[in-house]
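Colleague: Please find final_16.txt (compact mmCIF, C-alpha atoms) on the next line:
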```txt
# COMPACT_ATOMS: atom_id res chain seq x y z
CA MET X 211 -12.49 99.85 73.67
CA LYS X 212 -12.60 102.15 76.73
CA ARG X 213 -9.40 103.92 77.76
CA GLN X 214 -7.44 107.08 78.43
CA GLU X 215 -4.90 108.25 75.88
CA SER X 216 -1.79 110.42 75.96
CA LYS X 217 -0.27 111.51 72.64
CA PHE X 218 3.18 112.76 71.65
CA LEU X 219 4.71 114.02 68.41
CA LEU X 220 8.33 112.86 68.15
CA PRO X 221 11.16 113.29 65.64
CA LEU X 222 11.80 110.08 63.74
CA ASP X 223 15.50 110.01 64.62
CA ILE X 224 14.89 109.22 68.32
CA LEU X 225 12.57 106.28 67.68
CA SER X 226 15.23 103.56 67.77
CA SER X 227 16.68 104.64 71.13
CA TYR X 228 13.19 105.08 72.60
CA LEU X 229 12.20 101.56 71.57
CA SER X 230 15.40 100.20 73.09
CA GLU X 231 14.46 101.76 76.44
CA LEU X 232 11.02 100.14 76.27
CA SER X 233 12.14 96.66 75.26
CA LYS X 234 12.55 95.31 78.81
CA GLN X 235 8.95 95.97 79.85
CA TYR X 236 7.06 95.91 76.54
CA SER X 237 6.57 93.19 73.98
CA LEU X 238 6.18 94.01 70.30
CA LEU X 239 3.09 92.76 68.49
CA ALA X 240 4.04 90.54 65.55
CA ILE X 241 1.86 88.68 63.04
CA ASN X 242 3.66 86.22 60.76
CA LYS X 243 6.95 87.89 61.76
CA ASP X 244 5.69 91.31 60.63
CA TYR X 245 5.90 94.20 63.11
CA MET X 246 4.67 97.05 60.90
CA PHE X 247 1.04 97.15 59.79
CA LEU X 248 -0.68 99.36 57.23
CA TYR X 249 -3.84 101.28 58.19
CA ASN X 250 -6.24 103.22 56.00
CA SER X 251 -9.01 105.24 57.68
CA THR X 252 -11.71 107.30 56.00
CA TYR X 253 -13.32 109.81 58.36
CA PHE X 254 -16.88 111.02 57.91
CA ASP X 255 -18.42 114.33 58.92
CA THR X 256 -21.41 116.52 58.11
CA SER X 257 -21.29 119.11 55.33
CA ASP X 258 -20.60 121.82 57.94
CA MET X 259 -18.02 119.61 59.75
CA LYS X 260 -19.93 119.17 62.99
CA PHE X 261 -17.48 116.64 64.47
CA TYR X 262 -14.43 118.73 63.60
CA ASN X 263 -16.00 121.80 65.19
CA MET X 264 -16.88 119.82 68.33
CA HIS X 265 -13.16 119.18 68.77
CA HIS X 266 -12.11 122.69 67.81
CA ASN X 267 -14.58 124.30 70.22
CA GLY X 268 -13.65 121.97 73.10
CA ALA X 269 -17.06 120.32 73.46
CA TYR X 270 -17.38 118.04 76.49
CA SER X 271 -18.49 115.11 74.32
CA ARG X 272 -16.70 114.73 70.99
CA TYR X 273 -17.18 112.16 68.27
CA LYS X 274 -15.36 110.74 65.28
CA VAL X 275 -16.85 108.38 62.71
CA ARG X 276 -14.56 106.39 60.43
CA VAL X 277 -14.19 103.31 58.32
CA ARG X 278 -10.88 101.71 59.23
CA HIS X 279 -9.24 99.26 56.85
CA TYR X 280 -6.48 97.05 58.23
CA LEU X 281 -4.58 96.52 54.99
CA SER X 282 -2.32 93.81 56.42
CA THR X 283 -5.29 91.53 57.23
CA GLY X 284 -8.06 92.91 55.00
CA ALA X 285 -10.42 93.55 57.93
CA ARG X 286 -12.69 96.62 57.71
CA TYR X 287 -14.76 98.23 60.47
CA LEU X 288 -17.16 101.11 60.85
CA GLU X 289 -16.08 102.80 64.09
CA VAL X 290 -17.51 105.54 66.29
CA LYS X 291 -15.13 107.02 68.83
CA LYS X 292 -16.40 109.19 71.69
CA LYS X 293 -14.27 111.23 74.11
CA ASP X 294 -15.95 112.61 77.25
CA ASN X 295 -15.11 115.56 79.50
CA LYS X 296 -12.89 113.33 81.68
CA GLY X 297 -10.70 112.38 78.73
CA VAL X 298 -12.04 108.80 78.55
CA CYS X 299 -12.30 107.40 75.03
CA THR X 300 -14.94 104.82 74.17
CA LYS X 301 -14.90 103.09 70.79
CA SER X 302 -17.78 101.16 69.23
CA ARG X 303 -17.39 99.29 65.96
CA ARG X 304 -19.08 96.96 63.51
CA SER X 305 -17.40 94.73 60.97
CA LEU X 306 -17.89 95.57 57.30
CA ILE X 307 -18.02 92.55 55.03
CA ALA X 308 -18.67 94.36 51.74
CA GLN X 309 -18.18 97.86 50.40
CA THR X 310 -21.92 98.58 50.61
CA ALA X 311 -22.36 97.24 54.14
CA ILE X 312 -22.02 100.70 55.67
CA HIS X 313 -25.40 101.71 54.28
CA SER X 314 -27.19 99.02 56.30
CA LEU X 315 -25.98 100.27 59.68
CA ASP X 316 -28.29 103.27 60.17
CA GLU X 317 -29.95 101.90 63.32
CA TRP X 318 -26.67 100.86 64.93
CA ILE X 319 -24.95 104.19 64.33
CA SER X 320 -27.96 106.14 65.65
CA ASN X 321 -27.44 104.42 69.02
CA VAL X 322 -23.78 105.40 69.36
CA CYS X 323 -23.59 108.71 67.46
CA PRO X 324 -25.62 111.98 67.64
CA VAL X 325 -25.72 112.36 63.83
CA GLU X 326 -27.64 110.14 61.41
CA LEU X 327 -25.60 108.19 58.90
CA SER X 328 -27.45 109.78 55.98
CA LEU X 329 -26.04 113.20 56.99
CA LEU X 330 -22.42 112.05 56.94
CA GLN X 331 -20.04 112.30 53.99
CA PRO X 332 -16.41 111.28 53.47
CA SER X 333 -14.15 114.06 54.76
CA ILE X 334 -10.54 112.86 54.84
CA ASN X 335 -8.48 109.74 54.22
CA ILE X 336 -5.60 109.01 56.61
CA GLN X 337 -2.99 106.32 55.93
CA TYR X 338 -0.01 105.24 58.00
CA GLN X 339 2.19 102.42 59.25
CA ARG X 340 1.72 101.33 62.86
CA MET X 341 3.70 99.28 65.35
CA THR X 342 2.08 98.23 68.63
CA LEU X 343 3.75 97.49 71.97
CA MET X 344 2.03 95.71 74.87
CA SER X 345 3.12 96.21 78.46
CA MET X 346 4.22 93.04 80.22
CA VAL X 347 3.49 94.50 83.67
CA ASP X 348 0.23 96.41 83.21
CA LYS X 349 -2.88 96.74 81.03
CA GLU X 350 -1.33 99.15 78.60
CA ARG X 351 -0.76 99.52 74.88
CA VAL X 352 1.58 101.90 73.05
CA THR X 353 1.08 102.59 69.35
CA ILE X 354 3.61 104.32 67.12
CA ASP X 355 2.45 105.69 63.76
CA LEU X 356 4.91 106.49 60.97
CA ASN X 357 4.57 108.01 57.49
CA VAL X 358 1.17 109.50 58.29
CA SER X 359 -0.49 110.72 55.09
CA PHE X 360 -3.57 112.99 55.07
CA GLY X 361 -5.70 113.25 51.92
CA SER X 362 -8.69 115.59 51.96
CA LEU X 363 -11.77 114.21 50.23
CA ARG X 364 -13.25 117.72 50.06
CA ASN X 365 -10.56 119.60 48.10
CA PHE X 366 -8.17 116.70 47.23
CA LYS X 367 -5.12 118.28 48.82
CA SER X 368 -2.73 116.14 50.84
CA HIS X 369 0.05 116.37 53.38
CA GLN X 370 2.43 113.66 54.57
CA LEU X 371 4.49 113.52 57.78
CA THR X 372 7.79 111.92 56.81
CA ASN X 373 10.12 113.13 59.54
CA ASN X 374 7.98 112.52 62.62
CA VAL X 375 6.02 109.83 64.42
CA ILE X 376 2.90 109.93 66.57
CA VAL X 377 3.08 107.98 69.83
CA GLU X 378 -0.06 107.14 71.81
CA VAL X 379 -0.01 105.64 75.31
CA LYS X 380 -3.32 103.87 75.98
CA ARG X 381 -4.37 102.64 79.42
CA GLU X 382 -7.55 101.99 81.37
CA LYS X 383 -6.65 104.99 83.53
CA ASN X 384 -3.82 107.34 84.53
CA THR X 385 -1.45 107.17 81.57
CA LYS X 386 1.07 109.29 83.52
CA ASP X 387 2.03 106.20 85.56
CA SER X 388 3.23 104.53 82.37
CA LEU X 389 6.93 103.89 81.77
CA ALA X 390 6.43 104.82 78.12
CA TYR X 391 4.97 108.16 79.24
CA GLN X 392 7.65 108.84 81.85
CA LEU X 393 10.53 108.12 79.45
CA LEU X 394 9.18 110.70 77.01
CA ARG X 395 8.77 113.30 79.75
CA LYS X 396 12.37 112.69 80.89
CA ARG X 397 13.48 113.38 77.32
CA GLY X 398 11.68 116.72 77.48
CA PHE X 399 8.64 115.88 75.35
CA ARG X 400 5.26 117.20 76.37
CA GLU X 401 1.91 115.54 75.82
CA VAL X 402 0.00 117.16 72.95
CA SER X 403 -3.66 117.40 71.99
CA LEU X 404 -3.46 115.66 68.65
CA SER X 405 -6.41 114.22 66.78
CA LYS X 406 -5.23 112.88 63.42
CA TYR X 407 -8.62 113.80 61.96
CA CYS X 408 -8.43 117.41 63.16
CA ILE X 409 -4.75 117.88 62.35
CA GLY X 410 -5.18 116.38 58.90
CA SER X 411 -8.17 118.61 58.23
CA GLY X 412 -6.23 121.67 59.39
CA LEU X 413 -3.25 120.81 57.17
CA THR X 414 -5.29 120.19 54.03
CA GLN X 415 -8.17 122.66 54.35
CA THR X 416 -6.32 125.85 55.30
CA GLY X 417 -8.59 128.86 54.91
CA ASN X 418 -11.81 126.84 54.84
CA ILE X 419 -12.13 125.91 58.52
CA LYS X 420 -11.31 127.35 61.94
CA ILE X 421 -7.88 126.25 63.18
CA ASN X 422 -7.16 128.57 66.14
CA ARG X 423 -7.27 125.75 68.70
CA PHE X 424 -4.80 123.67 66.67
CA LYS X 425 -2.58 126.48 65.39
CA ARG X 426 0.38 125.71 67.66
CA ILE X 427 0.65 122.04 66.64
CA LEU X 428 -0.06 122.85 62.98
CA ASN X 429 2.71 125.46 62.91
CA ARG X 430 5.06 122.99 64.58
CA ILE X 431 4.34 120.38 61.93
CA LYS X 432 4.64 122.83 59.04
CA SER X 433 7.99 124.10 60.32
CA MET X 434 9.51 120.62 60.29
CA LYS X 435 11.84 119.78 57.45
CA HIS X 436 11.16 117.25 54.71
CA GLU X 437 7.38 117.39 54.97
CA ARG X 438 5.68 116.35 51.74
CA VAL X 439 2.74 118.32 50.36
CA SER X 440 0.91 117.63 47.11
CA GLY X 441 -2.39 118.20 45.37
CA GLU X 442 -3.49 114.58 45.17
CA THR X 443 -4.65 111.99 47.67
CA ARG X 444 -2.98 108.58 47.91
CA SER X 445 -4.59 105.21 47.25
CA ASP X 446 -4.13 101.88 49.03
CA MET X 447 -1.93 100.77 46.15
CA ASP X 448 0.31 103.82 46.56
CA LEU X 449 0.63 103.11 50.28
CA ASN X 450 1.73 99.51 49.78
CA ARG X 451 4.21 100.43 47.07
CA ASP X 452 5.80 103.54 48.59
CA PHE X 453 5.86 102.82 52.32
CA SER X 454 8.60 100.21 52.42
CA THR X 455 8.84 98.56 55.83
CA GLU X 456 12.11 96.67 55.36
CA ASP X 457 14.36 99.11 57.26
CA ASN X 458 11.86 99.48 60.11
CA GLN X 459 11.37 95.70 60.33
CA GLU X 460 15.11 95.19 60.62
CA MET X 461 15.41 97.83 63.34
CA LEU X 462 12.53 96.35 65.34
CA SER X 463 13.69 92.75 65.06
CA THR X 464 17.13 93.80 66.30
CA ILE X 465 15.74 95.64 69.33
CA TYR X 466 13.20 92.93 70.20
CA GLN X 467 15.25 89.89 69.24
CA GLY X 468 14.05 86.86 71.12
CA ARG X 469 10.78 88.40 72.30
```
With the file now loaded, output its structure as structure tokens.

Modeller:
Amino acid sequence: MKRQESKFLLPLDILSSYLSELSKQYSLLAINKDYMFLYNSTYFDTSDMKFYNMHHNGAYSRYKVRVRHYLSTGARYLEVKKKDNKGVCTKSRRSLIAQTAIHSLDEWISNVCPVELSLLQPSINIQYQRMTLMSMVDKERVTIDLNVSFGSLRNFKSHQLTNNVIVEVKREKNTKDSLAYQLLRKRGFREVSLSKYCIGSGLTQTGNIKINRFKRILNRIKSMKHERVSGETRSDMDLNRDFSTEDNQEMLSTIYQGR
């Protein structure tokens, strides 16, 4: 719940070889022999996008508020994520039992967030598949997100990353000591400032918000081949039907056989 993070945007075609390099020092999280898990997050912001602008303007303390739904298990949480001026991320969360439970958490959210719950509205829906690796030699976690789909809840435009993956190295401190980090640097990849909420907003709300701070990464994403753009958001049912995990499961089980 408290950590430092380093993020990378990688082409999908190097994922298999990268995982092979990690397999000796990292174990792959599996639940009932499944390695790929479906996530659905709805991010909330004010009408003038206060949280987005905090990130864009480089504020020392930045917040994100979301409801995260773990589709593989059915668990749902209201989460508040804070990043301070030292790059340390702190996440607070409360379990949601029912769809209406979020409305009963005003007091809790006022203690962990500078904006009252009543001022927040759904801003964007982000869906993806995630695999998680745990270091066997250190307190470290590496997450790899595939098929990231952004659906704006303000203008109902969407954008899907189909040819790239987002890798996050998460440690208590000093992610640069991580083998996962070092292997990516040796391959020539640089750490990027990449908030899925901000990037998704920039991709789907072009012309309506400031994007100068994120223009380089947005242009890089837009220039990539085989990106999918449409005028509709995707539902949980669409995600389960369209994001087949069979090929990825086979690749992962081969690399991590016996672990």

Colleague: Nearest residue to Met344 in chain X out of X:Gln214, X:Asn422, X:Ser388, X:Thr372, using all atoms listed in the file?

Modeller: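 Closest to Met344 in chain X, using all atoms listed in the file: X:Ser388.
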
Colleague: Using all atoms listed in the file, can you tell me which of X:Cys323, X:Leu428, X:Leu232, X:Leu363 comes closest to Gln392 in chain X?

Modeller: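 Counting all atoms listed in the file, the residue closest to Gln392 in chain X is X:Leu232.
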
Colleague: Kindly give the distance, in Å, that separates CA of Leu239 in chain X and CA of Val352 in chain X, rounded to a single decimal.

Modeller: 10.3 Å

Colleague: Could you tell me, as a list in words, which residues have any atom at most 7 Å from (0.2, 111.1, 70.2), counting all atoms listed in the file?

Modeller: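 Protein, DNA and RNA residues close to (0.2, 111.1, 70.2): Ser216, Lys217, Phe218, Leu219, Ile376, Val377, Glu378, Val402 and Leu404 of chain X.
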
Colleague: Would you compute the distance between CA of Val322 in chain X and CA of Ser362 in chain X? Give it in Å to one decimal.

Modeller: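 Rounded to one decimal, the two atoms are 25.2 Å apart.
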
Colleague: Using only C-alpha atoms, which of X:Arg340, X:Lys396, X:Arg381, X:His369 sits nearest Asp244 in chain X?

Modeller: X:Arg340

Colleague: Given the choices X:Arg423, X:Lys274, X:Lys367, X:Lys406, which gets closest to Asp255 in chain X if the distance is worked out from all atoms listed in the file?

Modeller: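 Nearest to Asp255 in chain X: X:Lys274.
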
Colleague: Which residues are near Asn335 in chain X? Cut-off 7 Å, all atoms listed in the file, ignore same chain within fewer than 2 positions. Put them as JSON, numbers by chain.

Modeller: {"X": [251, 252, 253, 337, 360, 361, 362, 363]}

Colleague: Write a file of the just-selected residues containing C-alpha atoms, as a JSON list (two decimals), keeping the file's coordinate frame.

Modeller:
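out.json, written as the output of this step:
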```
[["chain", "number", "residue", "atom", "x", "y", "z"],
["X", 251, "SER", "CA", -9.01, 105.24, 57.68],
["X", 252, "THR", "CA", -11.71, 107.30, 56.00],
["X", 253, "TYR", "CA", -13.32, 109.81, 58.36],
["X", 337, "GLN", "CA", -2.99, 106.32, 55.93],
["X", 360, "PHE", "CA", -3.57, 112.99, 55.07],
["X", 361, "GLY", "CA", -5.70, 113.25, 51.92],
["X", 362, "SER", "CA", -8.69, 115.59, 51.96],
["X", 363, "LEU", "CA", -11.77, 114.21, 50.23]]
```

Colleague: In Å to one decimal, how far is CA of Ser433 in chain X from CA of Thr353 in chain X?

Modeller: 24.3 Å

Colleague: Near Lys386 in chain X, counting all atoms listed in the file, which residues have an atom at most 10 Å away, once you skip same-chain residues fewer than 3 positions from it, shown as number ranges by chain?

Modeller: X: 215-216, 379, 381, 383, 389-392, 395, 401

Colleague: Store the residues picked out above in a file with C-alpha atoms, as a PDB file, in the frame of the given file.

Modeller:
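Full text of selection_36.pdb as output:
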```
ATOM      1  CA  GLU X 215      -4.900 108.250  75.880  1.00  0.00           C
ATOM      2  CA  SER X 216      -1.790 110.420  75.960  1.00  0.00           C
ATOM      3  CA  VAL X 379      -0.010 105.640  75.310  1.00  0.00           C
ATOM      4  CA  ARG X 381      -4.370 102.640  79.420  1.00  0.00           C
ATOM      5  CA  LYS X 383      -6.650 104.990  83.530  1.00  0.00           C
ATOM      6  CA  LEU X 389       6.930 103.890  81.770  1.00  0.00           C
ATOM      7  CA  ALA X 390       6.430 104.820  78.120  1.00  0.00           C
ATOM      8  CA  TYR X 391       4.970 108.160  79.240  1.00  0.00           C
ATOM      9  CA  GLN X 392       7.650 108.840  81.850  1.00  0.00           C
ATOM     10  CA  ARG X 395       8.770 113.300  79.750  1.00  0.00           C
ATOM     11  CA  GLU X 401       1.910 115.540  75.820  1.00  0.00           C
TER      12      GLU X 401
END
```

Colleague: Could you pull the residues within 8 Å of Arg272 in chain X, counting all atoms listed in the file, minus those fewer than 2 positions along the same chain, as a PDB file with C-alpha atoms, in the frame of the given file?

Modeller:
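Saved the output as selection-v3.pdb:
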```pdb
ATOM      1  CA  PHE X 261     -17.480 116.640  64.470  1.00  0.00           C
ATOM      2  CA  MET X 264     -16.880 119.820  68.330  1.00  0.00           C
ATOM      3  CA  HIS X 265     -13.160 119.180  68.770  1.00  0.00           C
ATOM      4  CA  ALA X 269     -17.060 120.320  73.460  1.00  0.00           C
ATOM      5  CA  TYR X 270     -17.380 118.040  76.490  1.00  0.00           C
ATOM      6  CA  LYS X 274     -15.360 110.740  65.280  1.00  0.00           C
ATOM      7  CA  LYS X 292     -16.400 109.190  71.690  1.00  0.00           C
ATOM      8  CA  LYS X 293     -14.270 111.230  74.110  1.00  0.00           C
ATOM      9  CA  ASP X 294     -15.950 112.610  77.250  1.00  0.00           C
TER      10      ASP X 294
END
```

Colleague: Taking all atoms listed in the file into account, which of X:Asn321, X:Gly410, X:Ile419, X:Gln339 comes nearest Tyr280 in chain X?

Modeller: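 For Tyr280 in chain X, the nearest of the candidates is X:Gln339.
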
Colleague: Of the residues X:Asn267, X:Asn295, X:Asn250, X:Ser403, which is the one nearest to Lys420 in chain X, using all atoms listed in the file?

Modeller: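 Among the listed residues, the smallest separation from Lys420 in chain X belongs to X:Asn267.
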
Colleague: Identify, on the basis of only C-alpha atoms, every residue whose closest approach to Thr283 in chain X does not exceed 12 Å; exclude the query and any residue fewer than 5 positions from it along the same chain; express the result as a list in words.

Modeller: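 Contacts, with the query itself left out: Ile241, Asn242, Asp244, Met246, Phe247, Leu248, Tyr249, Asn250 and Arg278 of chain X.
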